[in-house]
>>> print(open('target-v6.cif').read())   # mmCIF, C-alpha atoms and all ligand atoms
data_run
#
loop_
_atom_site.group_PDB
_atom_site.id
_atom_site.type_symbol
_atom_site.label_atom_id
_atom_site.label_comp_id
_atom_site.auth_asym_id
_atom_site.auth_seq_id
_atom_site.Cartn_x
_atom_site.Cartn_y
_atom_site.Cartn_z
ATOM 1 C CA MET A 1 -50.816 10.635 31.948
ATOM 2 C CA GLY A 2 -50.350 11.774 35.519
ATOM 3 C CA PRO A 3 -47.375 13.183 37.345
ATOM 4 C CA GLU A 4 -44.107 11.325 37.669
ATOM 5 C CA PRO A 5 -43.364 10.253 41.205
ATOM 6 C CA ARG A 6 -40.074 11.698 42.396
ATOM 7 C CA GLY A 7 -37.161 9.671 41.047
ATOM 8 C CA ALA A 8 -39.304 7.268 39.044
ATOM 9 C CA THR A 9 -37.663 7.813 35.654
ATOM 10 C CA ALA A 10 -34.191 7.248 37.095
ATOM 11 C CA LEU A 11 -35.466 4.169 38.921
ATOM 12 C CA LEU A 12 -36.677 2.564 35.677
ATOM 13 C CA ALA A 13 -33.195 2.729 34.166
ATOM 14 C CA ARG A 14 -31.688 0.771 37.057
ATOM 15 C CA PRO A 15 -31.735 -2.890 38.028
ATOM 16 C CA GLY A 16 -33.925 -3.683 40.988
ATOM 17 C CA SER A 17 -36.877 -5.628 42.241
ATOM 18 C CA TYR A 18 -40.597 -5.079 41.995
ATOM 19 C CA LEU A 19 -44.036 -6.190 43.072
ATOM 20 C CA LEU A 20 -46.761 -6.770 40.529
ATOM 21 C CA VAL A 21 -50.311 -6.701 41.891
ATOM 22 C CA ILE A 22 -52.772 -8.547 39.672
ATOM 23 C CA ARG A 23 -56.490 -8.551 40.255
ATOM 24 C CA THR A 24 -58.674 -11.432 39.159
ATOM 25 C CA ARG A 25 -62.444 -11.113 39.289
ATOM 26 C CA VAL A 26 -63.295 -14.790 38.992
ATOM 27 C CA ARG A 27 -61.788 -18.051 40.192
ATOM 28 C CA LEU A 28 -59.342 -19.330 37.586
ATOM 29 C CA ASP A 29 -57.909 -22.705 36.672
ATOM 30 C CA LEU A 30 -54.716 -22.105 34.724
ATOM 31 C CA ALA A 31 -51.940 -24.268 33.309
ATOM 32 C CA VAL A 32 -48.711 -22.860 34.730
ATOM 33 C CA GLY A 33 -45.757 -24.458 32.931
ATOM 34 C CA ARG A 34 -44.183 -27.300 34.866
ATOM 35 C CA LEU A 35 -46.351 -26.556 37.881
ATOM 36 C CA GLY A 36 -49.316 -27.915 35.959
ATOM 37 C CA GLN A 37 -52.918 -26.917 36.575
ATOM 38 C CA ARG A 38 -53.330 -24.393 39.386
ATOM 39 C CA THR A 39 -56.406 -22.783 40.876
ATOM 40 C CA PHE A 40 -56.370 -19.067 41.715
ATOM 41 C CA ALA A 41 -59.101 -17.697 43.929
ATOM 42 C CA ARG A 42 -60.785 -14.466 42.967
ATOM 43 C CA GLY A 43 -58.860 -11.598 44.513
ATOM 44 C CA TRP A 44 -55.464 -9.947 44.554
ATOM 45 C CA HIS A 45 -52.204 -11.650 43.641
ATOM 46 C CA VAL A 46 -48.804 -10.158 44.423
ATOM 47 C CA TYR A 47 -45.788 -11.351 42.464
ATOM 48 C CA ALA A 48 -42.235 -10.494 43.503
ATOM 49 C CA GLY A 49 -39.694 -10.281 40.680
ATOM 50 C CA SER A 50 -36.418 -8.645 39.794
ATOM 51 C CA ALA A 51 -34.835 -7.099 36.721
ATOM 52 C CA ARG A 52 -31.087 -7.261 36.346
ATOM 53 C CA ARG A 53 -30.950 -5.179 33.171
ATOM 54 C CA GLY A 54 -33.324 -2.394 34.125
ATOM 55 C CA LEU A 55 -36.737 -2.192 35.702
ATOM 56 C CA GLY A 56 -38.286 -0.328 32.767
ATOM 57 C CA THR A 57 -37.704 -3.098 30.249
ATOM 58 C CA ARG A 58 -39.100 -5.753 32.558
ATOM 59 C CA LEU A 59 -42.123 -3.759 33.627
ATOM 60 C CA ARG A 60 -42.889 -3.018 29.972
ATOM 61 C CA HIS A 61 -42.945 -6.773 29.395
ATOM 62 C CA HIS A 62 -45.498 -7.216 32.171
ATOM 63 C CA LEU A 63 -47.649 -4.354 30.946
ATOM 64 C CA ASP A 64 -47.899 -5.766 27.432
ATOM 65 C CA PRO A 65 -50.579 -8.469 27.502
ATOM 66 C CA VAL A 66 -49.881 -9.842 24.021
ATOM 67 C CA ARG A 67 -46.337 -11.025 24.652
ATOM 68 C CA PRO A 68 -45.748 -14.786 24.455
ATOM 69 C CA VAL A 69 -45.809 -16.582 27.793
ATOM 70 C CA HIS A 70 -42.278 -16.752 29.176
ATOM 71 C CA TRP A 71 -42.565 -16.805 32.973
ATOM 72 C CA HIS A 72 -45.136 -18.309 35.348
ATOM 73 C CA ILE A 73 -46.453 -14.848 36.059
ATOM 74 C CA ASP A 74 -47.266 -14.248 32.382
ATOM 75 C CA VAL A 75 -50.045 -16.841 32.601
ATOM 76 C CA LEU A 76 -51.772 -15.122 35.507
ATOM 77 C CA ARG A 77 -51.111 -11.703 34.068
ATOM 78 C CA GLN A 78 -52.950 -12.587 30.854
ATOM 79 C CA ALA A 79 -55.916 -13.883 32.843
ATOM 80 C CA GLY A 80 -56.175 -10.884 35.158
ATOM 81 C CA GLU A 81 -55.454 -7.191 35.193
ATOM 82 C CA ILE A 82 -52.475 -5.316 36.599
ATOM 83 C CA ALA A 83 -53.743 -3.205 39.485
ATOM 84 C CA GLN A 84 -50.500 -1.844 40.937
ATOM 85 C CA ILE A 85 -46.759 -1.910 40.346
ATOM 86 C CA TRP A 86 -44.218 -1.185 43.078
ATOM 87 C CA ALA A 87 -40.475 -1.029 42.488
ATOM 88 C CA VAL A 88 -37.222 -0.493 44.331
ATOM 89 C CA ALA A 89 -33.800 0.018 42.713
ATOM 90 C CA GLY A 90 -30.659 -1.837 43.730
ATOM 91 C CA ALA A 91 -29.760 -5.293 44.976
ATOM 92 C CA GLU A 92 -31.528 -4.832 48.319
ATOM 93 C CA PRO A 93 -34.009 -5.928 49.470
ATOM 94 C CA GLY A 94 -34.252 -8.183 46.394
ATOM 95 C CA GLU A 95 -37.150 -10.212 45.092
ATOM 96 C CA CYS A 96 -36.798 -13.076 47.586
ATOM 97 C CA ALA A 97 -36.942 -10.775 50.627
ATOM 98 C CA LEU A 98 -39.901 -8.959 49.100
ATOM 99 C CA ALA A 99 -41.691 -12.262 48.492
ATOM 100 C CA ARG A 100 -41.109 -13.255 52.129
ATOM 101 C CA ALA A 101 -42.388 -9.920 53.381
ATOM 102 C CA VAL A 102 -45.551 -10.176 51.279
ATOM 103 C CA ALA A 103 -46.136 -13.759 52.442
ATOM 104 C CA ALA A 104 -45.986 -12.551 56.052
ATOM 105 C CA LEU A 105 -48.856 -10.073 55.590
ATOM 106 C CA PRO A 106 -52.258 -10.826 57.115
ATOM 107 C CA GLY A 107 -54.508 -12.930 54.878
ATOM 108 C CA ALA A 108 -51.663 -14.158 52.685
ATOM 109 C CA THR A 109 -51.861 -17.459 50.798
ATOM 110 C CA LEU A 110 -48.624 -18.575 49.161
ATOM 111 C CA ALA A 111 -48.727 -20.190 45.693
ATOM 112 C CA ARG A 112 -46.159 -22.913 46.252
ATOM 113 C CA GLY A 113 -43.417 -23.117 43.623
ATOM 114 C CA PHE A 114 -44.800 -20.228 41.593
ATOM 115 C CA GLY A 115 -42.057 -17.983 40.184
ATOM 116 C CA SER A 116 -39.347 -19.508 42.344
ATOM 117 C CA SER A 117 -37.709 -21.940 39.915
ATOM 118 C CA ASP A 118 -34.398 -20.089 40.224
ATOM 119 C CA CYS A 119 -34.174 -19.751 44.009
ATOM 120 C CA ARG A 120 -34.946 -21.639 47.214
ATOM 121 C CA CYS A 121 -38.065 -19.723 48.155
ATOM 122 C CA PRO A 122 -41.328 -21.581 48.679
ATOM 123 C CA GLY A 123 -42.874 -19.211 46.122
ATOM 124 C CA HIS A 124 -42.899 -15.702 44.692
ATOM 125 C CA LEU A 125 -46.658 -15.308 44.332
ATOM 126 C CA VAL A 126 -48.944 -14.542 47.254
ATOM 127 C CA SER A 127 -52.721 -14.293 46.990
ATOM 128 C CA PHE A 128 -55.193 -12.266 49.054
ATOM 129 C CA ARG A 129 -58.969 -12.006 49.148
ATOM 130 C CA ARG A 130 -58.759 -8.304 49.876
ATOM 131 C CA ARG A 131 -56.348 -5.759 48.450
ATOM 132 C CA PRO A 132 -53.157 -5.908 50.540
ATOM 133 C CA THR A 133 -51.273 -2.866 51.825
ATOM 134 C CA LEU A 134 -47.750 -3.024 50.424
ATOM 135 C CA GLY A 135 -46.302 0.439 50.950
ATOM 136 C CA GLY A 136 -44.633 -0.307 54.264
ATOM 137 C CA LEU A 137 -42.788 -3.449 53.174
ATOM 138 C CA SER A 138 -39.528 -1.720 52.304
ATOM 139 C CA PRO A 139 -38.520 1.902 52.921
ATOM 140 C CA ASP A 140 -37.629 2.703 49.304
ATOM 141 C CA LEU A 141 -40.445 0.800 47.641
ATOM 142 C CA LEU A 142 -42.133 3.226 45.228
ATOM 143 C CA ARG A 143 -45.571 2.825 43.707
ATOM 144 C CA LEU A 144 -45.459 3.649 40.004
ATOM 145 C CA PRO A 145 -48.758 5.066 38.735
ATOM 146 C CA LEU A 146 -49.937 2.893 35.855
ATOM 147 C CA PRO A 147 -51.112 5.748 33.593
ATOM 148 C CA TRP A 148 -47.663 7.272 33.899
ATOM 149 C CA LEU A 149 -45.953 3.933 33.109
ATOM 150 C CA VAL A 150 -48.242 3.156 30.180
ATOM 151 C CA GLY A 151 -47.719 6.675 28.873
ATOM 152 C CA GLY A 152 -44.398 5.615 27.406
ATOM 153 C CA HIS A 153 -42.023 6.328 30.257
ATOM 154 C CA ALA A 154 -41.385 2.653 30.905
HETATM 155 ZN ZN ZN B 201 -36.858 -16.402 45.897
#
>>> encode(input="target-v6.cif", output="structure tokens")
Amino acid sequence: MGPEPRGATALLARPGSYLLVIRTRVRLDLAVGRLGQRTFARGWHVYAGSARRGLGTRLRHHLDPVRPVHWHIDVLRQAGEIAQIWAVAGAEPGECALARAVAALPGATLARGFGSSDCRCPGHLVSFRRRPTLGGLSPDLLRLPLPWLVGGHA
């Protein structure tokens, strides 16, 4: 199951924002709600989201592939595999700032309108050919080991 990163259990009980890194091994054409048909290149896709009622509940939703499709990201999540999850508790920096920071990384391609129905951002999903380095985006951003999360702590 792996060791718990320092403070991770407490973090899951709090509201906050997170980055979901999804890997897709083939090019995909997917129907994404009102956005219609979208093409996703093979590679790494980083989604910025937030959980007002607790990170654990939301991350559990993302980790469960059999849930009904509710958000844009659910469509891509079912077609790919979760490679990494990063989270930060509290109102700052927030999902929109995280999305902007990810979109500013080298090699970023923004998926316009994806996941940003409730804000003014151009999009909350950013795609990369190669695995992006996310650790430096925000000082308190913590990578949650997936075996630990799946082990029931989420
Ligand atoms: Zn936004």
>>> resolve_selection(input="target-v6.cif", expression="the PyMOL selection byres (((not hetatm)) within 9 of (chain B and resi 201))", output="PDB file with C-alpha atoms, keeping the file's coordinate frame")
ATOM      1  CA  ALA A  48     -42.235 -10.494  43.503  1.00  0.00           C
ATOM      2  CA  GLY A  49     -39.694 -10.281  40.680  1.00  0.00           C
ATOM      3  CA  GLY A  94     -34.252  -8.183  46.394  1.00  0.00           C
ATOM      4  CA  GLU A  95     -37.150 -10.212  45.092  1.00  0.00           C
ATOM      5  CA  CYS A  96     -36.798 -13.076  47.586  1.00  0.00           C
ATOM      6  CA  ALA A  97     -36.942 -10.775  50.627  1.00  0.00           C
ATOM      7  CA  LEU A  98     -39.901  -8.959  49.100  1.00  0.00           C
ATOM      8  CA  ALA A  99     -41.691 -12.262  48.492  1.00  0.00           C
ATOM      9  CA  ARG A 100     -41.109 -13.255  52.129  1.00  0.00           C
ATOM     10  CA  GLY A 115     -42.057 -17.983  40.184  1.00  0.00           C
ATOM     11  CA  SER A 116     -39.347 -19.508  42.344  1.00  0.00           C
ATOM     12  CA  SER A 117     -37.709 -21.940  39.915  1.00  0.00           C
ATOM     13  CA  ASP A 118     -34.398 -20.089  40.224  1.00  0.00           C
ATOM     14  CA  CYS A 119     -34.174 -19.751  44.009  1.00  0.00           C
ATOM     15  CA  ARG A 120     -34.946 -21.639  47.214  1.00  0.00           C
ATOM     16  CA  CYS A 121     -38.065 -19.723  48.155  1.00  0.00           C
ATOM     17  CA  PRO A 122     -41.328 -21.581  48.679  1.00  0.00           C
ATOM     18  CA  GLY A 123     -42.874 -19.211  46.122  1.00  0.00           C
ATOM     19  CA  HIS A 124     -42.899 -15.702  44.692  1.00  0.00           C
TER      20      HIS A 124
END
>>> resolve_selection(input="target-v6.cif", expression="the PyMOL selection byres (((chain A and resi 3) around 12) and not hetatm)", output="MDAnalysis selection string")
chainID A and resid 1:2 4:9 144:149 151 153
>>> closest_residue(input="target-v6.cif", among="A:Val126, A:Leu137, A:Leu28, A:Leu110", to="A:Trp44", atoms="all atoms listed in the file")
A:Val126
>>> residues_around(input="target-v6.cif", residues="A:Ala79", least_positions_apart="5", cutoff="10 Å", atoms="only C-alpha atoms", output="mmCIF file with C-alpha atoms, keeping the file's coordinate frame")
data_model
loop_
_atom_site.group_PDB
_atom_site.id
_atom_site.type_symbol
_atom_site.label_atom_id
_atom_site.label_comp_id
_atom_site.auth_asym_id
_atom_site.auth_seq_id
_atom_site.Cartn_x
_atom_site.Cartn_y
_atom_site.Cartn_z
ATOM 1 C CA ILE A 22 -52.772 -8.547 39.672
ATOM 2 C CA ARG A 23 -56.490 -8.551 40.255
ATOM 3 C CA THR A 24 -58.674 -11.432 39.159
ATOM 4 C CA ARG A 25 -62.444 -11.113 39.289
ATOM 5 C CA VAL A 26 -63.295 -14.790 38.992
ATOM 6 C CA LEU A 28 -59.342 -19.330 37.586
ATOM 7 C CA ASP A 29 -57.909 -22.705 36.672
ATOM 8 C CA LEU A 30 -54.716 -22.105 34.724
ATOM 9 C CA PRO A 65 -50.579 -8.469 27.502
ATOM 10 C CA ASP A 74 -47.266 -14.248 32.382
#
>>> atom_distance(input="target-v6.cif", atom1="atom CA of A:Ala51", atom2="atom CA of A:Pro68")
18.1 Å
>>> atom_distance(input="target-v6.cif", atom1="atom CA of A:Leu55", atom2="atom CA of A:Gly80")
21.3 Å
>>> resolve_selection(input="target-v6.cif", expression="the PyMOL selection byres (((chain A and resi 61) around 12) and not hetatm)", output="ChimeraX atom specification")
/A:20,51,54-60,62-71,73-74,77-78,149-150,154
>>> atom_distance(input="target-v6.cif", atom1="atom CA of A:Ala108", atom2="atom CA of A:Arg129")
8.4 Å
>>> build_atoms(input="target-v6.cif", residues="stretch 87-111 of chain A", atoms="N, CA and C atoms", output="PDB file, in the coordinates of the input")
ATOM      1  N   ALA A  87     -41.844  -0.691  42.863  1.00  0.00           N
ATOM      2  CA  ALA A  87     -40.475  -1.029  42.488  1.00  0.00           C
ATOM      3  C   ALA A  87     -39.482  -0.397  43.441  1.00  0.00           C
ATOM      4  N   VAL A  88     -38.325  -1.023  43.527  1.00  0.00           N
ATOM      5  CA  VAL A  88     -37.222  -0.493  44.331  1.00  0.00           C
ATOM      6  C   VAL A  88     -35.916  -0.802  43.594  1.00  0.00           C
ATOM      7  N   ALA A  89     -35.055   0.196  43.438  1.00  0.00           N
ATOM      8  CA  ALA A  89     -33.800   0.018  42.713  1.00  0.00           C
ATOM      9  C   ALA A  89     -32.745  -0.603  43.620  1.00  0.00           C
ATOM     10  N   GLY A  90     -31.787  -1.284  42.990  1.00  0.00           N
ATOM     11  CA  GLY A  90     -30.659  -1.837  43.730  1.00  0.00           C
ATOM     12  C   GLY A  90     -30.827  -3.306  44.079  1.00  0.00           C
ATOM     13  N   ALA A  91     -29.785  -3.862  44.664  1.00  0.00           N
ATOM     14  CA  ALA A  91     -29.760  -5.293  44.976  1.00  0.00           C
ATOM     15  C   ALA A  91     -30.566  -5.635  46.235  1.00  0.00           C
ATOM     16  N   GLU A  92     -30.768  -4.628  47.087  1.00  0.00           N
ATOM     17  CA  GLU A  92     -31.528  -4.832  48.319  1.00  0.00           C
ATOM     18  C   GLU A  92     -32.869  -4.109  48.227  1.00  0.00           C
ATOM     19  N   PRO A  93     -33.962  -4.662  48.723  1.00  0.00           N
ATOM     20  CA  PRO A  93     -34.009  -5.928  49.470  1.00  0.00           C
ATOM     21  C   PRO A  93     -33.987  -7.163  48.576  1.00  0.00           C
ATOM     22  N   GLY A  94     -34.239  -7.022  47.286  1.00  0.00           N
ATOM     23  CA  GLY A  94     -34.252  -8.183  46.394  1.00  0.00           C
ATOM     24  C   GLY A  94     -35.594  -8.877  46.377  1.00  0.00           C
ATOM     25  N   GLU A  95     -35.834  -9.609  45.296  1.00  0.00           N
ATOM     26  CA  GLU A  95     -37.150 -10.212  45.092  1.00  0.00           C
ATOM     27  C   GLU A  95     -37.499 -11.260  46.156  1.00  0.00           C
ATOM     28  N   CYS A  96     -36.513 -12.018  46.616  1.00  0.00           N
ATOM     29  CA  CYS A  96     -36.798 -13.076  47.586  1.00  0.00           C
ATOM     30  C   CYS A  96     -37.244 -12.484  48.931  1.00  0.00           C
ATOM     31  N   ALA A  97     -36.553 -11.428  49.368  1.00  0.00           N
ATOM     32  CA  ALA A  97     -36.942 -10.775  50.627  1.00  0.00           C
ATOM     33  C   ALA A  97     -38.315 -10.130  50.488  1.00  0.00           C
ATOM     34  N   LEU A  98     -38.577  -9.546  49.325  1.00  0.00           N
ATOM     35  CA  LEU A  98     -39.901  -8.959  49.100  1.00  0.00           C
ATOM     36  C   LEU A  98     -40.978 -10.037  49.144  1.00  0.00           C
ATOM     37  N   ALA A  99     -40.713 -11.161  48.495  1.00  0.00           N
ATOM     38  CA  ALA A  99     -41.691 -12.262  48.492  1.00  0.00           C
ATOM     39  C   ALA A  99     -41.969 -12.734  49.921  1.00  0.00           C
ATOM     40  N   ARG A 100     -40.929 -12.835  50.720  1.00  0.00           N
ATOM     41  CA  ARG A 100     -41.109 -13.255  52.129  1.00  0.00           C
ATOM     42  C   ARG A 100     -41.934 -12.248  52.906  1.00  0.00           C
ATOM     43  N   ALA A 101     -41.663 -10.973  52.666  1.00  0.00           N
ATOM     44  CA  ALA A 101     -42.388  -9.920  53.381  1.00  0.00           C
ATOM     45  C   ALA A 101     -43.869  -9.932  53.006  1.00  0.00           C
ATOM     46  N   VAL A 102     -44.154 -10.130  51.721  1.00  0.00           N
ATOM     47  CA  VAL A 102     -45.551 -10.176  51.279  1.00  0.00           C
ATOM     48  C   VAL A 102     -46.250 -11.402  51.883  1.00  0.00           C
ATOM     49  N   ALA A 103     -45.544 -12.525  51.919  1.00  0.00           N
ATOM     50  CA  ALA A 103     -46.136 -13.759  52.442  1.00  0.00           C
ATOM     51  C   ALA A 103     -46.425 -13.665  53.936  1.00  0.00           C
ATOM     52  N   ALA A 104     -45.779 -12.708  54.607  1.00  0.00           N
ATOM     53  CA  ALA A 104     -45.986 -12.551  56.052  1.00  0.00           C
ATOM     54  C   ALA A 104     -47.141 -11.606  56.373  1.00  0.00           C
ATOM     55  N   LEU A 105     -47.738 -11.002  55.355  1.00  0.00           N
ATOM     56  CA  LEU A 105     -48.856 -10.073  55.590  1.00  0.00           C
ATOM     57  C   LEU A 105     -50.113 -10.839  56.007  1.00  0.00           C
ATOM     58  N   PRO A 106     -51.014 -10.165  56.719  1.00  0.00           N
ATOM     59  CA  PRO A 106     -52.258 -10.826  57.115  1.00  0.00           C
ATOM     60  C   PRO A 106     -53.069 -11.255  55.894  1.00  0.00           C
ATOM     61  N   GLY A 107     -53.644 -12.447  55.955  1.00  0.00           N
ATOM     62  CA  GLY A 107     -54.508 -12.930  54.878  1.00  0.00           C
ATOM     63  C   GLY A 107     -53.777 -13.509  53.691  1.00  0.00           C
ATOM     64  N   ALA A 108     -52.462 -13.687  53.812  1.00  0.00           N
ATOM     65  CA  ALA A 108     -51.663 -14.158  52.685  1.00  0.00           C
ATOM     66  C   ALA A 108     -51.811 -15.656  52.457  1.00  0.00           C
ATOM     67  N   THR A 109     -51.900 -16.047  51.192  1.00  0.00           N
ATOM     68  CA  THR A 109     -51.861 -17.459  50.798  1.00  0.00           C
ATOM     69  C   THR A 109     -50.768 -17.624  49.751  1.00  0.00           C
ATOM     70  N   LEU A 110     -49.753 -18.398  50.065  1.00  0.00           N
ATOM     71  CA  LEU A 110     -48.624 -18.575  49.161  1.00  0.00           C
ATOM     72  C   LEU A 110     -48.961 -19.578  48.057  1.00  0.00           C
ATOM     73  N   ALA A 111     -48.600 -19.242  46.818  1.00  0.00           N
ATOM     74  CA  ALA A 111     -48.727 -20.190  45.693  1.00  0.00           C
ATOM     75  C   ALA A 111     -47.408 -20.956  45.589  1.00  0.00           C
TER      76      ALA A 111
END
